[in-house]
Amino acid sequence: MPSKRRPALVVAAIASVLALTATACDSSDDNAAAGPTESSKQQGVGDIKLPDNLNDKLKNLGIDLDQWKNGAWNNWDKNDWLREAGDFINPIIKGLWKPDRMREAQEPDKPVDDSDIADDQGVTDPDPQPVAAKEVASPYSANVPYAGKVFFDGPEGSMVCSATVVQDPAHPGKSNLVWTAGHCVHAGKGGGWYKNLMFVPSYNDSGKSQAELENATREELAPKGVWWADWAQTSSQWIDTGAAVGGKGAPYDFAVMHVKPEVSGGKSLEETVGGALPVDFNAPAVKSIDEITATGYPAAPPFDGQKMNQCADKPGRLSLDAGQPTMYRIGCTMTAGSSGGGWVAQGSDGKPALVSNTSIGPSNATWLAGPHLGPEAKGVYNAVSKKFANQ
């Protein structure tokens with residue numbers, strides 16, 4: 001669930017079945033990038049040159065980079081925001097995400113009531129027993145090198161989610177792909193793309209407390225750098241039906257970002273962090289999975305968003321709609337801010353793999369649910385990989 005400074009998108013472990021947002025994607029493996037599904041190639045500001053076609057696209061959208069850099073990105077005119085639902089524009093603004101801004105993007109929304117949870121219409125197992133989230137041993141980069149936080153701005157303020165570095169079949173060992181929730185990049189039905197979207201791997205790597213981080217430098221919070229999204233893609237189902245509460249769109253609440261460093265360097269994200277997870281789109285059925293481990297940065301009390309946590313539990317099933325895929329569900333006390341965090345299990349080849357991501361949870365923060373990654377998810381993944389295959 002994302003967390004933010006002011007009431008905005010409530011999607012995460014603390015919200016009573018909240019929904020997320022998604023980008024259009026075809027259900028085929030190789031053709032999942034039609035219409036508003038894909039984001040525009042990232043643009044830079046200052047010393048980063050923009051390709052001519054992107055300059056033209058920005059002009060067509062009425063975007064002036066100098067004004068954008070100086071604060072125009074904070075102008076959330078409703079009509080403009082909806083128009084940009086089909087045009088993900090994310091220019092790099094060097095230094096925008098200062099330490100205090102990253103720390104402040106952690107306050108969660110007020111959780112919704114359990115009455116907002118949709119009636120189960122498919123196969124649903126009994127609610128799991130809560131599993132207490134445990135802080136990951138620091139340095140996080142040595143234990144879960146592929147995990148981190150996603151920061152972005154929405155109409156209601158700055159927000160935060162969790163995310164995972166995943167392998168890129170087009171660039172073995174040199175991936176720049178990040179997996180998160182759809183609602184962490186797009187607001188879903190009636191909304192648009194979020195702005196200033198970026199990823200911080202191993203955020204607060206040393207595991208310092210909020211008090212200890214009060215005067216922290218950017219390097220302390222982002223030891224592996226700040227990586228801006230130059231492409232983001234989610235499912236068409238999330239874009240068409242995703243909602244902040246009620247679980248609508250949650251079975252398709254996943255997204256893939258392609259990122260680049262704020263400060264140009266020679267290494268890829270995977271090389272920088274030292275690892276990336278494979279994604280298993282043929283994960284075993286729930287009954288065959290002994291344990292799933294969910295990772296994230298929960299921000300709602302009793303957490304503060306600064307520390308990486310995990311829950312491990314045998315999954316059960318959650319069905320919000322008989323016509324949509326059944327979701328995985330585990331007991332977990334992680335709260336808002338953990339949305340988008342990776343779920344890892346033994347894949348079909350017997351090795352650890354990403355099989356889902358945090359999407360929704362109840363207001364009392366006793367469990368989390370994530371989508372089963374099927375053809376739609378594979379289509380989004382392949383489309384983003386192929387988009388940058390020759391770069």
# chains A, B, ... in the order shown; residues from 1 in each chain; ligands from 1
$ residues_around --residues "Glu262 of chain A" --least-positions-apart "4" --cutoff "9 Å" --atoms "only C-alpha atoms" --output "ChimeraX atom specification"
/A:44,92-95,225-228
$ atom_distance --atom1 "atom CA of Glu135 of chain A" --atom2 "atom CA of Met334 of chain A"
10.5 Å
$ select_by_dssp --residues "segment 197-382 of chain A" --states "alpha helix (DSSP H)" --output "tab-separated table (two decimals) with C-alpha atoms, in the first residue's frame"
chain	number	residue	atom	x	y	z
A	218	ARG	CA	20.88	11.76	0.84
A	219	GLU	CA	23.67	9.21	0.57
A	220	GLU	CA	22.66	7.67	3.90
A	221	LEU	CA	19.07	7.23	2.73
A	236	SER	CA	-5.24	-2.35	-18.69
A	237	GLN	CA	-7.49	-3.90	-16.05
A	238	TRP	CA	-5.94	-1.73	-13.36
A	239	ILE	CA	-6.28	1.42	-15.46
A	240	ASP	CA	-9.88	0.60	-16.35
A	241	THR	CA	-11.16	-0.64	-12.97
A	269	LEU	CA	20.71	-1.20	-11.45
A	270	GLU	CA	21.25	-4.94	-11.07
A	271	GLU	CA	25.03	-4.51	-11.11
A	272	THR	CA	24.77	-1.64	-8.63
A	273	VAL	CA	22.69	-3.52	-6.06
A	375	PRO	CA	-0.47	-13.90	-18.90
A	376	GLU	CA	-1.36	-10.24	-18.32
A	377	ALA	CA	1.58	-9.74	-15.97
A	378	LYS	CA	3.92	-11.57	-18.33
A	379	GLY	CA	2.74	-9.36	-21.18
A	380	VAL	CA	3.57	-6.18	-19.25
A	381	TYR	CA	6.98	-7.57	-18.25
A	382	ASN	CA	7.90	-8.66	-21.79
$ atom_distance --atom1 "atom CA of Thr164 of chain A" --atom2 "atom CA of Gly347 of chain A"
16.1 Å
$ residues_around --residues "Gly316 of chain A" --least-positions-apart "6" --cutoff "6 Å" --atoms "only C-alpha atoms" --output "list in words"
Asp125, Tyr328 and Arg329 of chain A
$ write_last_selection --atoms "N, CA and C atoms" --output "PDB file, in the first residue's frame"
ATOM      1  N   ASP A 125     -10.136 -18.920   1.150  1.00  0.00           N
ATOM      2  CA  ASP A 125      -9.845 -19.664   2.365  1.00  0.00           C
ATOM      3  C   ASP A 125     -10.119 -18.794   3.584  1.00  0.00           C
ATOM      4  N   TYR A 328      -3.272 -14.518  -4.018  1.00  0.00           N
ATOM      5  CA  TYR A 328      -2.581 -15.111  -2.884  1.00  0.00           C
ATOM      6  C   TYR A 328      -2.897 -14.267  -1.646  1.00  0.00           C
ATOM      7  N   ARG A 329      -2.924 -14.907  -0.467  1.00  0.00           N
ATOM      8  CA  ARG A 329      -3.111 -14.155   0.775  1.00  0.00           C
ATOM      9  C   ARG A 329      -2.277 -14.783   1.883  1.00  0.00           C
TER      10      ARG A 329
END
$ closest_residue --among "A:Ala142, A:Ala250, A:Ala283, A:Val185" --to "Pro325 of chain A" --atoms "only C-alpha atoms"
A:Ala250
$ closest_residue --among "A:Ala133, A:Leu213, A:Cys161, A:Ala255" --to "Gly182 of chain A" --atoms "only C-alpha atoms"
A:Ala255
$ select_by_dssp --residues "segment 70-195 of chain A" --states "strand (DSSP E)" --output "ChimeraX atom specification"
/A:134-135,147-154,157-166,177-180,195
$ closest_residue --among "A:His183, A:Lys224, A:Ser206, A:Lys248" --to "Val263 of chain A" --atoms "only C-alpha atoms"
A:Lys224
$ residues_around --residues "segment 147-156 of chain A" --least-positions-apart "4" --cutoff "7 Å" --atoms "only C-alpha atoms" --output "JSON list (two decimals) with C-alpha atoms, in the first residue's frame"
[["chain", "number", "residue", "atom", "x", "y", "z"],
["A", 6, "ARG", "CA", -1.70, 13.90, 2.95],
["A", 7, "PRO", "CA", -4.79, 11.79, 2.24],
["A", 8, "ALA", "CA", -4.27, 10.32, -1.18],
["A", 76, "TRP", "CA", -2.59, 18.94, -10.65],
["A", 160, "VAL", "CA", 5.66, 5.96, -1.15],
["A", 161, "CYS", "CA", 5.52, 2.27, -2.04],
["A", 162, "SER", "CA", 7.88, -0.68, -2.00],
["A", 163, "ALA", "CA", 9.43, -2.47, -4.98],
["A", 164, "THR", "CA", 11.83, -5.16, -6.24],
["A", 165, "VAL", "CA", 14.65, -5.29, -8.79],
["A", 194, "TYR", "CA", 1.83, 9.78, -10.97],
["A", 195, "LYS", "CA", 4.75, 12.20, -11.26],
["A", 196, "ASN", "CA", 8.40, 12.31, -10.20],
["A", 197, "LEU", "CA", 8.42, 8.52, -9.93],
["A", 198, "MET", "CA", 11.73, 7.11, -8.72],
["A", 199, "PHE", "CA", 13.22, 4.04, -6.99],
["A", 200, "VAL", "CA", 15.67, 3.92, -4.08],
["A", 201, "PRO", "CA", 17.22, 0.46, -3.63],
["A", 202, "SER", "CA", 18.23, -0.47, -0.06],
["A", 203, "TYR", "CA", 16.65, 2.67, 1.36]]
$ atom_distance --atom1 "atom CA of Arg101 of chain A" --atom2 "atom CA of Gly274 of chain A"
26.7 Å
$ closest_residue --among "A:Asp127, A:Asp349, A:Asp64, A:Glu104" --to "Thr366 of chain A" --atoms "only C-alpha atoms"
A:Asp127
$ residues_around --residues "Ser209 of chain A" --least-positions-apart "2" --cutoff "10 Å" --atoms "only C-alpha atoms" --output "list of chain:residue names"
A:Asn204, A:Ser206, A:Gly207, A:Ala211, A:Glu212, A:Leu213, A:Glu214, A:Asp304, A:Gly305, A:Gln306, A:Lys307
$ closest_residue --among "A:Leu65, A:Ala229, A:Val256, A:Ala216" --to "Asp100 of chain A" --atoms "only C-alpha atoms"
A:Ala216
$ residues_around --residues "Pro302 of chain A" --least-positions-apart "3" --cutoff "9 Å" --atoms "only C-alpha atoms" --output "PDB file with C-alpha atoms, in the first residue's frame"
ATOM      1  CA  PRO A 298       5.495  -0.294   6.158  1.00  0.00           C
ATOM      2  CA  ALA A 299       4.818   3.302   7.188  1.00  0.00           C
ATOM      3  CA  THR A 335       0.877  -1.564   6.975  1.00  0.00           C
TER       4      THR A 335
END
